[in-house]
Amino acid sequence: MDHRMLVLLLMLLSRNVMCQQEEVCSKSVINSCTDCIRSGPYCAWCQQLNFTKAGEQESVRCDTQAQLMERGCKKEEIISPANNVTIIKEDPLSVSFDNQEPVQMSPQKINLKLRPGLPTTFRISFRRVEGYPVDLYYLMDLSNSMKDDLENVKELGRDLFAALKKITEHAQIGFGAFVDKTVLPYTNTNKEKLQRPCDESDQYCQAAFGYRHVLSMTAKENEFKKKVADQFISGNLDSPEGSLDAMMQAAVCGNKIGWRNSSTRLIVLTTDAGFHMAGDGKLAGILEPNDQQCHMENNLYTKSNEMDYPSVGQLATELEKNNIQPIFAVTKNVEDVYKELSKMIPKSEVGVLSSDSKNVVQLIETAYNSLSSKVTVTHDNLPDNVRVVYTPICKYAGPAGDKNGVCDNVHVAQTISFDVTVTADSCMEDTSFTIRPLGIKDTLTVTLSTKCECQCKDPNDKMHQLCTNRGSIVCGICSCMESFIGQNCECSIGNKDEQSLRASCQRNNGTECEGRGDCVCGRCQCHSTNQGGRYRGDFCECDDEHCENYQNKLCGGNGKCDCGTCKCNAGYEGSACQCKASREGCLTKGNTVCNGRGRCICNRCDCKEGYQRPQCLICLGCPDPCQTKLDCIECLGFGSGPFGKICDTNCRNITYDMVDNFAISGKECHQKDSEGCWITFKLNQLVGEDNYEAEILKQRDCPEPPSVIPIIAGSIAGVAVIGIVLLMLIKMLIYMKDLKEFRKFENEKKKSKWAEADNPLFQNATTTVANPTFTGE
């Protein structure tokens, strides 16, 4: 036994050591105590006077408690706000139900004052009350396929009440029925079919309906049996039913259903078919989404044909909001469907119903025991930047989680607990959220606020001697009066603007003195470094401790750090002085260093852009010299081209020879010059980036110019032939048209008919003239 206690003690000690090692203060820009405690949960502020040494910045006052005490700060001078947990209301847990509001969870109200980032843990307790009331609402599918089941349910009233009496003396049962929306394509809208949607062989049948509330909660067995006995089957067209519509109304119409305030609320849904969900209403032209409100008149759901089915998320929200736990009593053929649905609805169970529903009582009893023995604690309205973790403390505890905590196999009158760890990640005003067990009315209201300000014990002197009698002490540092600045208010700025004075301590409008010093009278007074040295420079931009390391040594131990750059000793080079100065690995066959196209660093060529190691000989990304040097080759070899007159100036880096055959190695080029001739030449790159030797073949390949006269003559002849052909085509078209018109005229002439007759208006062209002077003699 002693051995086990010793091992446990050692484990606890090691855990404490690890926790202490994890306490770090990640400081950023610290100018005050408030900045300090907001920068991390383990940052503390030392308000002790004269804590900082000469040249030290005030940010050294901010560190972990252990570090501050190690530097000489007294424990009572350290400001480190701790979390506060205050229980406002803690009624004791009830043992049994005595017709009063029982208490199953404690405490009921708690107040947290948290430091951002620092978690705090409190414990809540839960006990299942013996004899806690149960309200069971039996919601039945009355489509035609459930005919046999309805007949059996009519005989199950006694068994149902008997099963509930085993659980509690305060049990009530209600009854409701559903089919589907009474519109196409779900239900036949023929007038006769709406009144009698069942088969013709069915003697008893009720009109089609969506959801009907039949019986409010009652403890009277006879009333339940009478109401159920009056029910008959109905019918619809498609297989899925409107079960989600019915469950939504049963959940939100609490006054009509008769749910009690203090009770375990159960909905038992019995069906042998699937369900319609949000979006299915579009098939019937129903586009208005479900509003999650009660629309029940004369015990009928009046908005069934006007609103879409609810989504699974909407239904789950309302069930959880109203502390209702559904039990899906379904047949084997749809078991998998409702198991998937149950995964999305907290505190729900699925049981397989026999084909005639004879096992429904046993199914309900089993499902209730499963639901009531599983206690799930979760939260509502959790504020942003607040984290909660639940750790269950019970025999059958689930894993710790940030969504909920679960204890299984919890018996009546058994007390269990949950450790709730709350962390606020940022500063916030008073806010609250609730913690509650699913399916139970009890809640815990958690009021939360944060500690983001320092409560320092400052001297009463308005003008303190430490501040040169020009300011007061605030959390250990000077708060200077107007026109004075400095760590001890020693600098008088007179008529100058403080902002412009401080601007002279900023490089490129950056941080004042690079965050490494204090701006005193317009000049930077640099702080000491962590290693004991000092920052330097006009803006404290330099230090001699932050250079590149090699083999864990500053500048490899072969140089000195100068303002962030290593200055190497003789015989060493490299960014960290890590290499001995040598050029053996950089020498070429011609005894040049990197072919003049790079630098030798650490005995390796550091080539210029495009050139490849090891000796910067090949340039993969460089332009093709055959094209870039063509103008120089043309002017050097043949005195023509764009550089013809300025060849010596632009082509001085090329040495060349005119040859009949090539004698040098290099790249052979075949390019067309400005006169259209093909020039063949070879280029060999010399040491350096743009130095070449060239050999140019004396003969250019110039194609013969085209013969002008045959081209002109051919063009003229071609134009003439084309013109003659066009004229002939035009003439032919005109001839064809005239021929067509003539033939038409001949045909019309043959069709004309002439009749012989005298024209009564016609007179002969004979004129009789009498001579007036003629006497007849």
# chains A, B, ... in the order shown; residues from 1 in each chain; ligands from 1
>>> residues_around(residues="His670 of chain A", least_positions_apart="4", cutoff="12 Å", atoms="only C-alpha atoms", output="compact mmCIF listing (two decimals) with C-alpha atoms, in the first residue's frame")
# COMPACT_ATOMS: atom_id res chain seq x y z
CA PRO A 625 23.79 33.44 -79.02
CA CYS A 626 23.20 32.46 -82.69
CA GLN A 627 20.39 35.01 -82.74
CA LYS A 629 25.15 37.82 -82.13
CA LEU A 630 23.83 37.63 -85.74
CA ILE A 633 28.58 38.51 -87.33
CA GLU A 634 26.95 40.15 -90.38
CA CYS A 677 21.36 35.52 -97.35
CA TRP A 678 22.16 32.53 -95.13
CA ILE A 679 25.29 32.99 -92.99
CA THR A 680 27.03 29.97 -91.47
CA PHE A 681 29.32 30.59 -88.46
CA LYS A 682 30.58 29.06 -85.22
CA LEU A 683 30.68 30.68 -81.76
CA ILE A 696 32.57 32.87 -90.32
CA LEU A 697 32.40 31.03 -93.68
CA ARG A 700 27.05 33.32 -98.01
CA ASP A 701 24.18 31.35 -99.50
>>> atom_distance(atom1="atom CA of Asn549 of chain A", atom2="atom CA of Cys607 of chain A")
24.2 Å
>>> residues_around(residues="Asn558 of chain A", least_positions_apart="5", cutoff="10 Å", atoms="only C-alpha atoms", output="list in words")
Tyr550, Lys553, Cys566, Lys567, Cys568, Asn569, Ala570, Gly571, Tyr572, Glu573, Ala576, Cys577, Gln578, Cys579 and Lys580 of chain A
>>> closest_residue(among="A:Leu300, A:Leu136, A:Leu726, A:Cys540", to="Ile267 of chain A", atoms="only C-alpha atoms")
A:Leu136
>>> closest_residue(among="A:Arg265, A:Arg71, A:Lys589, A:Lys256", to="Asn299 of chain A", atoms="only C-alpha atoms")
A:Lys256
>>> select_by_dssp(residues="segment 99-346 of chain A", states="strand (DSSP E)", output="VMD selection string")
chain A and resid 105 to 106 109 to 114 120 to 127 134 to 141 171 to 178 211 to 218 264 to 271 296 to 297 300 to 301 324 to 330
>>> residues_around(residues="segment 423-425 of chain A", least_positions_apart="6", cutoff="8 Å", atoms="only C-alpha atoms", output="VMD selection string")
chain A and resid 114 to 120 385 to 388 450
>>> write_last_selection(atoms="N, CA, C and O atoms", output="PDB file, in the first residue's frame")
ATOM      1  N   LEU A 114     -12.898  35.273 -15.323  1.00  0.00           N
ATOM      2  CA  LEU A 114     -11.766  34.535 -15.876  1.00  0.00           C
ATOM      3  C   LEU A 114     -10.728  35.463 -16.471  1.00  0.00           C
ATOM      4  O   LEU A 114     -11.049  36.526 -17.011  1.00  0.00           O
ATOM      5  N   ARG A 115      -9.506  35.002 -16.390  1.00  0.00           N
ATOM      6  CA  ARG A 115      -8.430  35.671 -17.107  1.00  0.00           C
ATOM      7  C   ARG A 115      -8.324  35.036 -18.497  1.00  0.00           C
ATOM      8  O   ARG A 115      -8.353  33.799 -18.627  1.00  0.00           O
ATOM      9  N   PRO A 116      -8.251  35.836 -19.565  1.00  0.00           N
ATOM     10  CA  PRO A 116      -8.210  35.258 -20.922  1.00  0.00           C
ATOM     11  C   PRO A 116      -7.094  34.233 -21.081  1.00  0.00           C
ATOM     12  O   PRO A 116      -5.945  34.471 -20.703  1.00  0.00           O
ATOM     13  N   GLY A 117      -7.476  33.071 -21.594  1.00  0.00           N
ATOM     14  CA  GLY A 117      -6.528  32.004 -21.850  1.00  0.00           C
ATOM     15  C   GLY A 117      -6.276  31.081 -20.678  1.00  0.00           C
ATOM     16  O   GLY A 117      -5.656  30.023 -20.841  1.00  0.00           O
ATOM     17  N   LEU A 118      -6.741  31.446 -19.477  1.00  0.00           N
ATOM     18  CA  LEU A 118      -6.490  30.631 -18.289  1.00  0.00           C
ATOM     19  C   LEU A 118      -7.745  29.815 -17.969  1.00  0.00           C
ATOM     20  O   LEU A 118      -8.775  30.384 -17.615  1.00  0.00           O
ATOM     21  N   PRO A 119      -7.699  28.501 -18.087  1.00  0.00           N
ATOM     22  CA  PRO A 119      -8.904  27.682 -17.858  1.00  0.00           C
ATOM     23  C   PRO A 119      -9.241  27.573 -16.374  1.00  0.00           C
ATOM     24  O   PRO A 119      -8.364  27.651 -15.510  1.00  0.00           O
ATOM     25  N   THR A 120     -10.519  27.396 -16.110  1.00  0.00           N
ATOM     26  CA  THR A 120     -10.972  27.125 -14.745  1.00  0.00           C
ATOM     27  C   THR A 120     -11.970  25.981 -14.784  1.00  0.00           C
ATOM     28  O   THR A 120     -12.679  25.793 -15.792  1.00  0.00           O
ATOM     29  N   ASN A 385     -15.446  32.799 -28.741  1.00  0.00           N
ATOM     30  CA  ASN A 385     -14.168  32.848 -28.034  1.00  0.00           C
ATOM     31  C   ASN A 385     -14.251  32.291 -26.612  1.00  0.00           C
ATOM     32  O   ASN A 385     -13.450  32.652 -25.735  1.00  0.00           O
ATOM     33  N   VAL A 386     -15.220  31.406 -26.394  1.00  0.00           N
ATOM     34  CA  VAL A 386     -15.315  30.690 -25.117  1.00  0.00           C
ATOM     35  C   VAL A 386     -15.315  29.195 -25.419  1.00  0.00           C
ATOM     36  O   VAL A 386     -16.061  28.727 -26.281  1.00  0.00           O
ATOM     37  N   ARG A 387     -14.470  28.442 -24.719  1.00  0.00           N
ATOM     38  CA  ARG A 387     -14.375  26.995 -24.916  1.00  0.00           C
ATOM     39  C   ARG A 387     -14.817  26.271 -23.650  1.00  0.00           C
ATOM     40  O   ARG A 387     -14.519  26.714 -22.542  1.00  0.00           O
ATOM     41  N   VAL A 388     -15.534  25.152 -23.855  1.00  0.00           N
ATOM     42  CA  VAL A 388     -16.015  24.345 -22.731  1.00  0.00           C
ATOM     43  C   VAL A 388     -15.620  22.894 -22.987  1.00  0.00           C
ATOM     44  O   VAL A 388     -15.780  22.390 -24.096  1.00  0.00           O
ATOM     45  N   THR A 450     -14.480  38.774 -17.826  1.00  0.00           N
ATOM     46  CA  THR A 450     -13.027  38.557 -17.884  1.00  0.00           C
ATOM     47  C   THR A 450     -12.288  39.624 -17.085  1.00  0.00           C
ATOM     48  O   THR A 450     -12.783  40.738 -16.863  1.00  0.00           O
TER      49      THR A 450
END
>>> closest_residue(among="A:Lys744, A:Lys737, A:Lys109, A:His379", to="Arg436 of chain A", atoms="only C-alpha atoms")
A:His379
>>> residues_around(residues="segment 273-287 of chain A", least_positions_apart="6", cutoff="9 Å", atoms="only C-alpha atoms", output="VMD selection string")
chain A and resid 141 145 180 183 to 186 239 to 245 305 to 312 330 to 331 333 to 334 337 to 338
>>> residues_around(residues="Cys25 of chain A", least_positions_apart="3", cutoff="10 Å", atoms="only C-alpha atoms", output="list in words")
Glu22, Ser28, Cys36, Ile37, Ser39, Gly40, Pro41, Tyr42, Cys43, Ala44, Cys62, Asp63, Thr64, Gln65 and Gln67 of chain A
>>> write_last_selection(atoms="C-alpha atoms", output="PDB file, in the first residue's frame")
ATOM      1  CA  GLU A  22       4.517  24.699 -19.664  1.00  0.00           C
ATOM      2  CA  SER A  28       4.801  41.053 -27.775  1.00  0.00           C
ATOM      3  CA  CYS A  36       1.172  42.354 -20.001  1.00  0.00           C
ATOM      4  CA  ILE A  37      -1.741  40.402 -18.549  1.00  0.00           C
ATOM      5  CA  SER A  39      -0.527  38.951 -23.695  1.00  0.00           C
ATOM      6  CA  GLY A  40      -0.814  35.488 -22.104  1.00  0.00           C
ATOM      7  CA  PRO A  41      -2.456  33.559 -19.251  1.00  0.00           C
ATOM      8  CA  TYR A  42       0.825  33.066 -17.390  1.00  0.00           C
ATOM      9  CA  CYS A  43       2.222  36.583 -17.795  1.00  0.00           C
ATOM     10  CA  ALA A  44       2.613  38.527 -14.547  1.00  0.00           C
ATOM     11  CA  CYS A  62       6.344  41.303 -17.665  1.00  0.00           C
ATOM     12  CA  ASP A  63       7.224  37.616 -17.299  1.00  0.00           C
ATOM     13  CA  THR A  64       6.133  34.499 -15.464  1.00  0.00           C
ATOM     14  CA  GLN A  65       5.955  34.703 -11.673  1.00  0.00           C
ATOM     15  CA  GLN A  67      11.079  34.474 -13.646  1.00  0.00           C
TER      16      GLN A  67
END
>>> atom_distance(atom1="atom CA of Cys294 of chain A", atom2="atom CA of Gln249 of chain A")
5.9 Å
